[in-house]
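Chemist: Have a look at this one before I ask anything.
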Amino acid sequence: MSSSCPLHVLSAIPAEGGASGRSLEERQQAAAQLEHIFQATGFPYHIVPLEEIFTLPSSILEAVSAISDSSASSYKAAVDQFIQNGGEAVDHKGKAQDSSLADAVSQLQTHDRQPFIPPADQTQALARLFASVKTLTAKEDFLQTLRQHLILRVARLRGYSKVMLGESCTRLAIKLLSSISLGRGAALALDTGFADPRFGDVVMVRPMRDYSSKEIAFYNHLFSVPSVFTPGLDTKTSDKASIQRLTESFVTKLQTDFPSTVSTIYRTSEKLQSARSAQTNDAEPPSKCLLCLCALDTAVEEASAFNATLQSERLSQGKKASGLGPPAHASAPALGSGSGGQCCSSSSVGGSGEGGCGGGGGGGGGCCSTPRPPVNSDLKSLLCYSCRLTIKDMTTVDTLPSYITAEAERRKRRVEMRKEISEFLLGEDEDEEQPC
């Protein structure tokens, strides 16, 4: 994963060993191997542990305006000038800025040599976060979201407007089918397209999407390209461990008998376009998903598949509530409300918490009569359909990083404030009727 500028390439690799439960020694060894490879390339690099998500500001989830056309044209002009000069950093406006460019390049070529030792409290918080996610499908999806936030933060801190991802044609074909299964159909064009402008100021591109994983493997073998294997969440798991793992097994096995499988799926993804692509850049922050920053796909008409799914879910919950055992009332304390794992049967008795299954401290147990505790409605309203399913598989949202909960509270206050002053706001039609 890298971000290109006219003069250099940044390789930002989130070290995710903490999510898969690897020891600190193993993670340090893998980071040292990566650092050795990056040093040989001569490009600047940054190896960032996944624990850094607990230090991210809430502004990482805010919409940022895209780069202006003048900036884009100057960027292209700088690239063309750099190529024409044979790789020398010469500014086309004159030699007055040569020294400043040289100083900037020299600073960018200095590497972060700090020891790869994340704080112990952050490592424990990361372990609690992924332990609260029940299914491997939700863990992999949530890990991808956190990885995007971390890469976006590094790109903004370093001032890069482009981030190049190393996703191959095979990986995108698998991602296309798994995203459909996870309910991310509205965001397929952004998740699998060449350019992903959802973040506004930072555009993520996929230049390797025309090459299959087999072609890349042959190239690495023929030219002796060094590589480092780092185990992930799905390492040594069965084919049915998660939706992503099952999709990968299905596509790769089908590709063995029918070599055109991956290319056919990939060509299908090229034809996809986002129906709300214009809104993605200019929409207000509340109209974007809190986690993936895509346009919300939940604001649909009543006669829709989404509302039919919600109605079916409500009916299923009502049927469970009418069965044996303590009823799972809708007024049960929501996750993240600070009530810990209070039993739902005690919610109607003054909230004393006596007899609660989860106690009042840990906040992770929930009620024994409800296999899946209700998600905070305020947080749920800020998420797209796919991210709702991910959060729904969490036993508690108290383990979420603070930047996510802080941005959720900010958006909630913004919506409440808008409701309070809604009668004083002029609509578009009223504004046009006002005399000059």
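Chain labels run A, B, ... following the order of the structure tokens; each chain numbers its residues from 1, and ligands are numbered from 1 in the order shown.
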Need the shell around range 176-180 of chain A: protein/DNA/RNA residues with any atom at most 8 Å away, counting only C-alpha atoms. Skip same-chain ones fewer than 6 positions apart. Format as a list in words?
Modeler: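 Residues near the query, excluding close chain neighbours: Leu188, Asp191, Thr192, Ile243, Gln244, Thr247, Ile265 and Ser269 of chain A.
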Chemist: Quick one: residues within 10 Å of Glu215 in chain A, only C-alpha atoms counted, chain neighbours fewer than 5 positions away excluded, as a list in words?
Modeler: Ser168, Cys169, Asp210, Asn220 and His221 of chain A
